[in-house]
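Worksheet: the structure to be examined is printed underneath.
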Amino acid sequence: FSLFRNMGQSNENPLLCEVIPQPLRSTAIGFVNLMNALAGGMGVLFAGILKARFTLAGVFAATAAFMLLAALLLFLGYRYFLPRDLDRSHRYHPA
């Protein structure tokens, strides 16, 4: 649980503060924490399902595949969505 939750939490608060307007920041941080907790719980659930169907080696292989998929999704989000969101944030809330 901790592994999956902390992987989703690694620099989210500073990024949210860059993109979200100040009155909505606490709501956004709370929502992201909720999603991270759900993802961590689902990671444990999926690990149990995989262990029941495959061996422990299969669980580790699937975890590596999920990490690769997550890294790819994060890279795509960083590459395509972050510049647009930062530009929009700076346009509406100049420093």
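If you're wondering about the labels, chains in the structure tokens are A, B, ... by order shown, residues count from 1 in each chain, ligands from 1 in order shown.
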For segment 68-82 of chain A, work out the shell of residues within 12 Å, counting only C-alpha atoms and skipping chain neighbours fewer than 3 positions away, then give it as a PDB file with C-alpha atoms, in the first residue's frame.
```pdb
ATOM      1  CA  PHE A   4       1.877   2.582  -4.552  1.00  0.00           C
ATOM      2  CA  MET A   7       4.716   6.814  -5.820  1.00  0.00           C
ATOM      3  CA  GLY A   8       1.661   8.875  -6.634  1.00  0.00           C
ATOM      4  CA  SER A  10       6.001  12.442  -4.844  1.00  0.00           C
ATOM      5  CA  GLU A  12       2.073  16.630  -6.183  1.00  0.00           C
ATOM      6  CA  LEU A  15       2.639  21.082  -8.720  1.00  0.00           C
ATOM      7  CA  LEU A  16      -0.938  21.613  -7.556  1.00  0.00           C
ATOM      8  CA  GLU A  18       1.463  25.974  -9.457  1.00  0.00           C
ATOM      9  CA  VAL A  19      -1.631  25.028 -11.432  1.00  0.00           C
ATOM     10  CA  ILE A  20      -4.662  25.404  -9.126  1.00  0.00           C
ATOM     11  CA  ALA A  39      -4.803   3.586  -5.904  1.00  0.00           C
ATOM     12  CA  ALA A  61       6.641  -9.155 -13.262  1.00  0.00           C
ATOM     13  CA  ALA A  62       3.190  -7.555 -13.351  1.00  0.00           C
ATOM     14  CA  THR A  63       4.326  -4.900 -10.875  1.00  0.00           C
ATOM     15  CA  ALA A  64       7.257  -4.058 -13.161  1.00  0.00           C
ATOM     16  CA  ALA A  65       4.865  -3.791 -16.116  1.00  0.00           C
ATOM     17  CA  ASP A  85      -1.889  23.955 -17.686  1.00  0.00           C
ATOM     18  CA  LEU A  86       1.036  26.129 -16.563  1.00  0.00           C
ATOM     19  CA  ASP A  87       0.417  28.538 -19.434  1.00  0.00           C
ATOM     20  CA  ARG A  88      -3.257  28.746 -18.525  1.00  0.00           C
ATOM     21  CA  SER A  89      -2.403  29.256 -14.855  1.00  0.00           C
TER      22      SER A  89
END
```
Would you list the contacts of Asn6 of chain A as a tab-separated table (two decimals) with C-alpha atoms, in the first residue's frame, taking every protein, DNA or RNA residue within 12 Å and counting only C-alpha atoms, but skipping same-chain residues closer than 4 positions in sequence?
```
chain	number	residue	atom	x	y	z
A	1	PHE	CA	0.00	0.00	0.00
A	2	SER	CA	2.71	2.44	0.99
A	10	SER	CA	6.00	12.44	-4.84
A	11	ASN	CA	5.77	16.11	-5.91
A	12	GLU	CA	2.07	16.63	-6.18
A	32	VAL	CA	-5.56	13.91	-4.91
A	33	ASN	CA	-4.86	12.34	-1.50
A	35	MET	CA	-7.20	9.13	-5.25
A	36	ASN	CA	-3.72	8.12	-4.05
A	37	ALA	CA	-5.18	6.18	-1.13
A	38	LEU	CA	-7.61	4.40	-3.46
A	39	ALA	CA	-4.80	3.59	-5.90
A	40	GLY	CA	-2.68	2.18	-3.08
A	41	GLY	CA	-5.52	-0.01	-1.88
A	43	GLY	CA	-2.53	-2.04	-5.80
```
For the structure I just gave you, how does DSSP split segment 4-88 of chain A - specifically, which residues are alpha helix (DSSP H)? Reply as a PDB file with N, CA and C atoms, in the first residue's frame.
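Contents of part.pdb, as written:
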```
ATOM      1  N   PHE A   4       2.709   2.006  -3.498  1.00  0.00           N
ATOM      2  CA  PHE A   4       1.877   2.582  -4.552  1.00  0.00           C
ATOM      3  C   PHE A   4       1.389   3.981  -4.173  1.00  0.00           C
ATOM      4  N   ARG A   5       1.078   4.188  -2.903  1.00  0.00           N
ATOM      5  CA  ARG A   5       0.574   5.499  -2.483  1.00  0.00           C
ATOM      6  C   ARG A   5       1.663   6.571  -2.579  1.00  0.00           C
ATOM      7  N   ASN A   6       2.850   6.236  -2.112  1.00  0.00           N
ATOM      8  CA  ASN A   6       3.929   7.224  -2.139  1.00  0.00           C
ATOM      9  C   ASN A   6       4.439   7.502  -3.548  1.00  0.00           C
ATOM     10  N   MET A   7       4.304   6.556  -4.445  1.00  0.00           N
ATOM     11  CA  MET A   7       4.716   6.814  -5.820  1.00  0.00           C
ATOM     12  C   MET A   7       3.815   7.864  -6.457  1.00  0.00           C
ATOM     13  N   GLY A   8       2.563   7.882  -6.088  1.00  0.00           N
ATOM     14  CA  GLY A   8       1.661   8.875  -6.634  1.00  0.00           C
ATOM     15  C   GLY A   8       1.748  10.215  -5.948  1.00  0.00           C
ATOM     16  N   GLN A   9       2.431  10.268  -4.816  1.00  0.00           N
ATOM     17  CA  GLN A   9       2.422  11.473  -3.994  1.00  0.00           C
ATOM     18  C   GLN A   9       3.689  12.301  -4.126  1.00  0.00           C
ATOM     19  N   GLU A  12       3.386  16.159  -5.744  1.00  0.00           N
ATOM     20  CA  GLU A  12       2.073  16.630  -6.183  1.00  0.00           C
ATOM     21  C   GLU A  12       1.677  17.965  -5.566  1.00  0.00           C
ATOM     22  N   ASN A  13       2.001  18.205  -4.313  1.00  0.00           N
ATOM     23  CA  ASN A  13       1.567  19.462  -3.687  1.00  0.00           C
ATOM     24  C   ASN A  13       2.193  20.689  -4.337  1.00  0.00           C
ATOM     25  N   PRO A  14       3.505  20.719  -4.605  1.00  0.00           N
ATOM     26  CA  PRO A  14       4.044  21.896  -5.296  1.00  0.00           C
ATOM     27  C   PRO A  14       3.453  22.082  -6.696  1.00  0.00           C
ATOM     28  N   LEU A  15       3.219  20.977  -7.388  1.00  0.00           N
ATOM     29  CA  LEU A  15       2.639  21.082  -8.720  1.00  0.00           C
ATOM     30  C   LEU A  15       1.205  21.601  -8.658  1.00  0.00           C
ATOM     31  N   LEU A  16       0.436  21.113  -7.702  1.00  0.00           N
ATOM     32  CA  LEU A  16      -0.938  21.613  -7.556  1.00  0.00           C
ATOM     33  C   LEU A  16      -0.950  23.100  -7.230  1.00  0.00           C
ATOM     34  N   CYS A  17      -0.008  23.537  -6.414  1.00  0.00           N
ATOM     35  CA  CYS A  17       0.047  24.961  -6.066  1.00  0.00           C
ATOM     36  C   CYS A  17       0.438  25.813  -7.268  1.00  0.00           C
ATOM     37  N   GLU A  18       1.127  25.245  -8.235  1.00  0.00           N
ATOM     38  CA  GLU A  18       1.463  25.974  -9.457  1.00  0.00           C
ATOM     39  C   GLU A  18       0.261  26.109 -10.384  1.00  0.00           C
ATOM     40  N   VAL A  19      -0.585  25.102 -10.419  1.00  0.00           N
ATOM     41  CA  VAL A  19      -1.631  25.028 -11.432  1.00  0.00           C
ATOM     42  C   VAL A  19      -2.999  25.470 -10.920  1.00  0.00           C
ATOM     43  N   ARG A  25      -7.037  25.154  -3.758  1.00  0.00           N
ATOM     44  CA  ARG A  25      -5.888  24.282  -3.508  1.00  0.00           C
ATOM     45  C   ARG A  25      -6.158  23.208  -2.467  1.00  0.00           C
ATOM     46  N   SER A  26      -6.784  23.558  -1.366  1.00  0.00           N
ATOM     47  CA  SER A  26      -7.005  22.549  -0.321  1.00  0.00           C
ATOM     48  C   SER A  26      -7.955  21.464  -0.803  1.00  0.00           C
ATOM     49  N   THR A  27      -8.958  21.831  -1.586  1.00  0.00           N
ATOM     50  CA  THR A  27      -9.863  20.826  -2.136  1.00  0.00           C
ATOM     51  C   THR A  27      -9.131  19.918  -3.111  1.00  0.00           C
ATOM     52  N   ALA A  28      -8.296  20.500  -3.959  1.00  0.00           N
ATOM     53  CA  ALA A  28      -7.545  19.708  -4.929  1.00  0.00           C
ATOM     54  C   ALA A  28      -6.573  18.759  -4.229  1.00  0.00           C
ATOM     55  N   ILE A  29      -5.882  19.235  -3.204  1.00  0.00           N
ATOM     56  CA  ILE A  29      -4.940  18.378  -2.481  1.00  0.00           C
ATOM     57  C   ILE A  29      -5.682  17.253  -1.771  1.00  0.00           C
ATOM     58  N   GLY A  30      -6.833  17.545  -1.185  1.00  0.00           N
ATOM     59  CA  GLY A  30      -7.633  16.498  -0.550  1.00  0.00           C
ATOM     60  C   GLY A  30      -8.113  15.461  -1.548  1.00  0.00           C
ATOM     61  N   PHE A  31      -8.552  15.900  -2.721  1.00  0.00           N
ATOM     62  CA  PHE A  31      -9.016  14.975  -3.748  1.00  0.00           C
ATOM     63  C   PHE A  31      -7.874  14.098  -4.253  1.00  0.00           C
ATOM     64  N   VAL A  32      -6.710  14.691  -4.456  1.00  0.00           N
ATOM     65  CA  VAL A  32      -5.560  13.909  -4.914  1.00  0.00           C
ATOM     66  C   VAL A  32      -5.137  12.904  -3.851  1.00  0.00           C
ATOM     67  N   ASN A  33      -5.173  13.285  -2.575  1.00  0.00           N
ATOM     68  CA  ASN A  33      -4.859  12.335  -1.502  1.00  0.00           C
ATOM     69  C   ASN A  33      -5.847  11.175  -1.487  1.00  0.00           C
ATOM     70  N   LEU A  34      -7.129  11.471  -1.722  1.00  0.00           N
ATOM     71  CA  LEU A  34      -8.139  10.412  -1.798  1.00  0.00           C
ATOM     72  C   LEU A  34      -7.828   9.448  -2.935  1.00  0.00           C
ATOM     73  N   MET A  35      -7.509   9.986  -4.103  1.00  0.00           N
ATOM     74  CA  MET A  35      -7.202   9.130  -5.253  1.00  0.00           C
ATOM     75  C   MET A  35      -5.948   8.298  -5.013  1.00  0.00           C
ATOM     76  N   ASN A  36      -4.940   8.882  -4.357  1.00  0.00           N
ATOM     77  CA  ASN A  36      -3.720   8.121  -4.051  1.00  0.00           C
ATOM     78  C   ASN A  36      -4.001   6.981  -3.085  1.00  0.00           C
ATOM     79  N   ALA A  37      -4.840   7.241  -2.074  1.00  0.00           N
ATOM     80  CA  ALA A  37      -5.181   6.182  -1.126  1.00  0.00           C
ATOM     81  C   ALA A  37      -5.949   5.066  -1.820  1.00  0.00           C
ATOM     82  N   LEU A  38      -6.871   5.425  -2.709  1.00  0.00           N
ATOM     83  CA  LEU A  38      -7.609   4.400  -3.456  1.00  0.00           C
ATOM     84  C   LEU A  38      -6.683   3.600  -4.369  1.00  0.00           C
ATOM     85  N   ALA A  39      -5.747   4.281  -5.030  1.00  0.00           N
ATOM     86  CA  ALA A  39      -4.803   3.586  -5.904  1.00  0.00           C
ATOM     87  C   ALA A  39      -3.910   2.638  -5.102  1.00  0.00           C
ATOM     88  N   GLY A  40      -3.494   3.055  -3.916  1.00  0.00           N
ATOM     89  CA  GLY A  40      -2.675   2.177  -3.077  1.00  0.00           C
ATOM     90  C   GLY A  40      -3.441   0.945  -2.641  1.00  0.00           C
ATOM     91  N   GLY A  41      -4.686   1.138  -2.259  1.00  0.00           N
ATOM     92  CA  GLY A  41      -5.518  -0.005  -1.876  1.00  0.00           C
ATOM     93  C   GLY A  41      -5.781  -0.938  -3.047  1.00  0.00           C
ATOM     94  N   MET A  42      -6.000  -0.367  -4.216  1.00  0.00           N
ATOM     95  CA  MET A  42      -6.226  -1.200  -5.393  1.00  0.00           C
ATOM     96  C   MET A  42      -4.957  -1.949  -5.784  1.00  0.00           C
ATOM     97  N   GLY A  43      -3.789  -1.345  -5.535  1.00  0.00           N
ATOM     98  CA  GLY A  43      -2.532  -2.037  -5.797  1.00  0.00           C
ATOM     99  C   GLY A  43      -2.401  -3.295  -4.947  1.00  0.00           C
ATOM    100  N   VAL A  44      -2.791  -3.182  -3.693  1.00  0.00           N
ATOM    101  CA  VAL A  44      -2.754  -4.352  -2.807  1.00  0.00           C
ATOM    102  C   VAL A  44      -3.763  -5.399  -3.282  1.00  0.00           C
ATOM    103  N   LEU A  45      -4.954  -4.957  -3.663  1.00  0.00           N
ATOM    104  CA  LEU A  45      -5.984  -5.881  -4.157  1.00  0.00           C
ATOM    105  C   LEU A  45      -5.506  -6.606  -5.408  1.00  0.00           C
ATOM    106  N   PHE A  46      -4.958  -5.871  -6.366  1.00  0.00           N
ATOM    107  CA  PHE A  46      -4.491  -6.496  -7.601  1.00  0.00           C
ATOM    108  C   PHE A  46      -3.323  -7.436  -7.342  1.00  0.00           C
ATOM    109  N   ALA A  47      -2.456  -7.087  -6.407  1.00  0.00           N
ATOM    110  CA  ALA A  47      -1.347  -7.984  -6.067  1.00  0.00           C
ATOM    111  C   ALA A  47      -1.883  -9.292  -5.507  1.00  0.00           C
ATOM    112  N   GLY A  48      -2.921  -9.218  -4.678  1.00  0.00           N
ATOM    113  CA  GLY A  48      -3.531 -10.440  -4.149  1.00  0.00           C
ATOM    114  C   GLY A  48      -4.191 -11.269  -5.236  1.00  0.00           C
ATOM    115  N   ILE A  49      -4.868 -10.613  -6.166  1.00  0.00           N
ATOM    116  CA  ILE A  49      -5.503 -11.329  -7.277  1.00  0.00           C
ATOM    117  C   ILE A  49      -4.449 -12.003  -8.145  1.00  0.00           C
ATOM    118  N   LEU A  50      -3.381 -11.269  -8.456  1.00  0.00           N
ATOM    119  CA  LEU A  50      -2.316 -11.851  -9.271  1.00  0.00           C
ATOM    120  C   LEU A  50      -1.623 -13.012  -8.560  1.00  0.00           C
ATOM    121  N   LYS A  51      -1.422 -12.881  -7.258  1.00  0.00           N
ATOM    122  CA  LYS A  51      -0.760 -13.960  -6.511  1.00  0.00           C
ATOM    123  C   LYS A  51      -1.623 -15.221  -6.494  1.00  0.00           C
ATOM    124  N   ALA A  52      -2.947 -15.038  -6.430  1.00  0.00           N
ATOM    125  CA  ALA A  52      -3.833 -16.196  -6.440  1.00  0.00           C
ATOM    126  C   ALA A  52      -3.819 -16.896  -7.800  1.00  0.00           C
ATOM    127  N   ARG A  53      -3.666 -16.147  -8.866  1.00  0.00           N
ATOM    128  CA  ARG A  53      -3.704 -16.730 -10.215  1.00  0.00           C
ATOM    129  C   ARG A  53      -2.328 -17.139 -10.729  1.00  0.00           C
ATOM    130  N   LEU A  56       4.408 -15.884  -7.268  1.00  0.00           N
ATOM    131  CA  LEU A  56       4.927 -14.619  -6.765  1.00  0.00           C
ATOM    132  C   LEU A  56       5.810 -13.942  -7.821  1.00  0.00           C
ATOM    133  N   ALA A  57       6.487 -14.725  -8.634  1.00  0.00           N
ATOM    134  CA  ALA A  57       7.281 -14.160  -9.724  1.00  0.00           C
ATOM    135  C   ALA A  57       6.375 -13.438 -10.720  1.00  0.00           C
ATOM    136  N   GLY A  58       5.185 -13.958 -10.948  1.00  0.00           N
ATOM    137  CA  GLY A  58       4.223 -13.294 -11.824  1.00  0.00           C
ATOM    138  C   GLY A  58       3.765 -11.963 -11.258  1.00  0.00           C
ATOM    139  N   VAL A  59       3.620 -11.914  -9.928  1.00  0.00           N
ATOM    140  CA  VAL A  59       3.230 -10.657  -9.276  1.00  0.00           C
ATOM    141  C   VAL A  59       4.319  -9.606  -9.476  1.00  0.00           C
ATOM    142  N   PHE A  60       5.576 -10.001  -9.283  1.00  0.00           N
ATOM    143  CA  PHE A  60       6.673  -9.051  -9.454  1.00  0.00           C
ATOM    144  C   PHE A  60       6.796  -8.611 -10.913  1.00  0.00           C
ATOM    145  N   ALA A  61       6.593  -9.514 -11.843  1.00  0.00           N
ATOM    146  CA  ALA A  61       6.641  -9.155 -13.262  1.00  0.00           C
ATOM    147  C   ALA A  61       5.505  -8.189 -13.609  1.00  0.00           C
ATOM    148  N   ALA A  62       4.319  -8.451 -13.088  1.00  0.00           N
ATOM    149  CA  ALA A  62       3.190  -7.555 -13.351  1.00  0.00           C
ATOM    150  C   ALA A  62       3.429  -6.191 -12.714  1.00  0.00           C
ATOM    151  N   THR A  63       4.020  -6.175 -11.531  1.00  0.00           N
ATOM    152  CA  THR A  63       4.326  -4.900 -10.875  1.00  0.00           C
ATOM    153  C   THR A  63       5.304  -4.090 -11.724  1.00  0.00           C
ATOM    154  N   ALA A  64       6.309  -4.752 -12.288  1.00  0.00           N
ATOM    155  CA  ALA A  64       7.257  -4.058 -13.161  1.00  0.00           C
ATOM    156  C   ALA A  64       6.540  -3.501 -14.391  1.00  0.00           C
ATOM    157  N   ALA A  65       5.611  -4.268 -14.947  1.00  0.00           N
ATOM    158  CA  ALA A  65       4.865  -3.791 -16.116  1.00  0.00           C
ATOM    159  C   ALA A  65       3.995  -2.595 -15.745  1.00  0.00           C
ATOM    160  N   PHE A  66       3.348  -2.646 -14.579  1.00  0.00           N
ATOM    161  CA  PHE A  66       2.526  -1.516 -14.131  1.00  0.00           C
ATOM    162  C   PHE A  66       3.382  -0.275 -13.889  1.00  0.00           C
ATOM    163  N   MET A  67       4.573  -0.452 -13.343  1.00  0.00           N
ATOM    164  CA  MET A  67       5.471   0.686 -13.113  1.00  0.00           C
ATOM    165  C   MET A  67       5.896   1.314 -14.442  1.00  0.00           C
ATOM    166  N   LEU A  68       6.165   0.494 -15.412  1.00  0.00           N
ATOM    167  CA  LEU A  68       6.533   0.998 -16.729  1.00  0.00           C
ATOM    168  C   LEU A  68       5.362   1.764 -17.348  1.00  0.00           C
ATOM    169  N   LEU A  69       4.164   1.229 -17.241  1.00  0.00           N
ATOM    170  CA  LEU A  69       2.977   1.913 -17.750  1.00  0.00           C
ATOM    171  C   LEU A  69       2.755   3.237 -17.022  1.00  0.00           C
ATOM    172  N   ALA A  70       2.911   3.238 -15.698  1.00  0.00           N
ATOM    173  CA  ALA A  70       2.741   4.468 -14.917  1.00  0.00           C
ATOM    174  C   ALA A  70       3.785   5.509 -15.309  1.00  0.00           C
ATOM    175  N   ALA A  71       5.023   5.083 -15.510  1.00  0.00           N
ATOM    176  CA  ALA A  71       6.074   6.019 -15.920  1.00  0.00           C
ATOM    177  C   ALA A  71       5.764   6.606 -17.288  1.00  0.00           C
ATOM    178  N   LEU A  72       5.259   5.793 -18.192  1.00  0.00           N
ATOM    179  CA  LEU A  72       4.894   6.281 -19.519  1.00  0.00           C
ATOM    180  C   LEU A  72       3.749   7.291 -19.436  1.00  0.00           C
ATOM    181  N   LEU A  73       2.737   6.999 -18.641  1.00  0.00           N
ATOM    182  CA  LEU A  73       1.616   7.922 -18.478  1.00  0.00           C
ATOM    183  C   LEU A  73       2.053   9.237 -17.836  1.00  0.00           C
ATOM    184  N   LEU A  74       2.927   9.158 -16.840  1.00  0.00           N
ATOM    185  CA  LEU A  74       3.439  10.376 -16.225  1.00  0.00           C
ATOM    186  C   LEU A  74       4.251  11.201 -17.207  1.00  0.00           C
ATOM    187  N   PHE A  75       5.057  10.550 -18.008  1.00  0.00           N
ATOM    188  CA  PHE A  75       5.829  11.272 -19.005  1.00  0.00           C
ATOM    189  C   PHE A  75       4.918  11.956 -20.022  1.00  0.00           C
ATOM    190  N   LEU A  76       3.897  11.249 -20.486  1.00  0.00           N
ATOM    191  CA  LEU A  76       2.963  11.850 -21.436  1.00  0.00           C
ATOM    192  C   LEU A  76       2.229  13.039 -20.824  1.00  0.00           C
ATOM    193  N   LEU A  82       1.121  19.379 -18.855  1.00  0.00           N
ATOM    194  CA  LEU A  82       1.696  20.340 -17.918  1.00  0.00           C
ATOM    195  C   LEU A  82       1.991  21.694 -18.560  1.00  0.00           C
ATOM    196  N   PRO A  83       2.626  21.766 -19.733  1.00  0.00           N
ATOM    197  CA  PRO A  83       2.876  23.099 -20.316  1.00  0.00           C
ATOM    198  C   PRO A  83       1.577  23.876 -20.577  1.00  0.00           C
ATOM    199  N   ARG A  84       0.569  23.200 -21.043  1.00  0.00           N
ATOM    200  CA  ARG A  84      -0.705  23.868 -21.306  1.00  0.00           C
ATOM    201  C   ARG A  84      -1.323  24.372 -20.010  1.00  0.00           C
ATOM    202  N   ASP A  85      -1.301  23.556 -18.964  1.00  0.00           N
ATOM    203  CA  ASP A  85      -1.889  23.955 -17.686  1.00  0.00           C
ATOM    204  C   ASP A  85      -1.100  25.087 -17.032  1.00  0.00           C
ATOM    205  N   LEU A  86       0.228  25.044 -17.122  1.00  0.00           N
ATOM    206  CA  LEU A  86       1.036  26.129 -16.563  1.00  0.00           C
ATOM    207  C   LEU A  86       0.797  27.430 -17.322  1.00  0.00           C
ATOM    208  N   ASP A  87       0.691  27.346 -18.635  1.00  0.00           N
ATOM    209  CA  ASP A  87       0.417  28.538 -19.434  1.00  0.00           C
ATOM    210  C   ASP A  87      -0.941  29.129 -19.060  1.00  0.00           C
ATOM    211  N   ARG A  88      -1.931  28.279 -18.918  1.00  0.00           N
ATOM    212  CA  ARG A  88      -3.257  28.746 -18.525  1.00  0.00           C
ATOM    213  C   ARG A  88      -3.233  29.353 -17.126  1.00  0.00           C
TER     214      ARG A  88
END
```
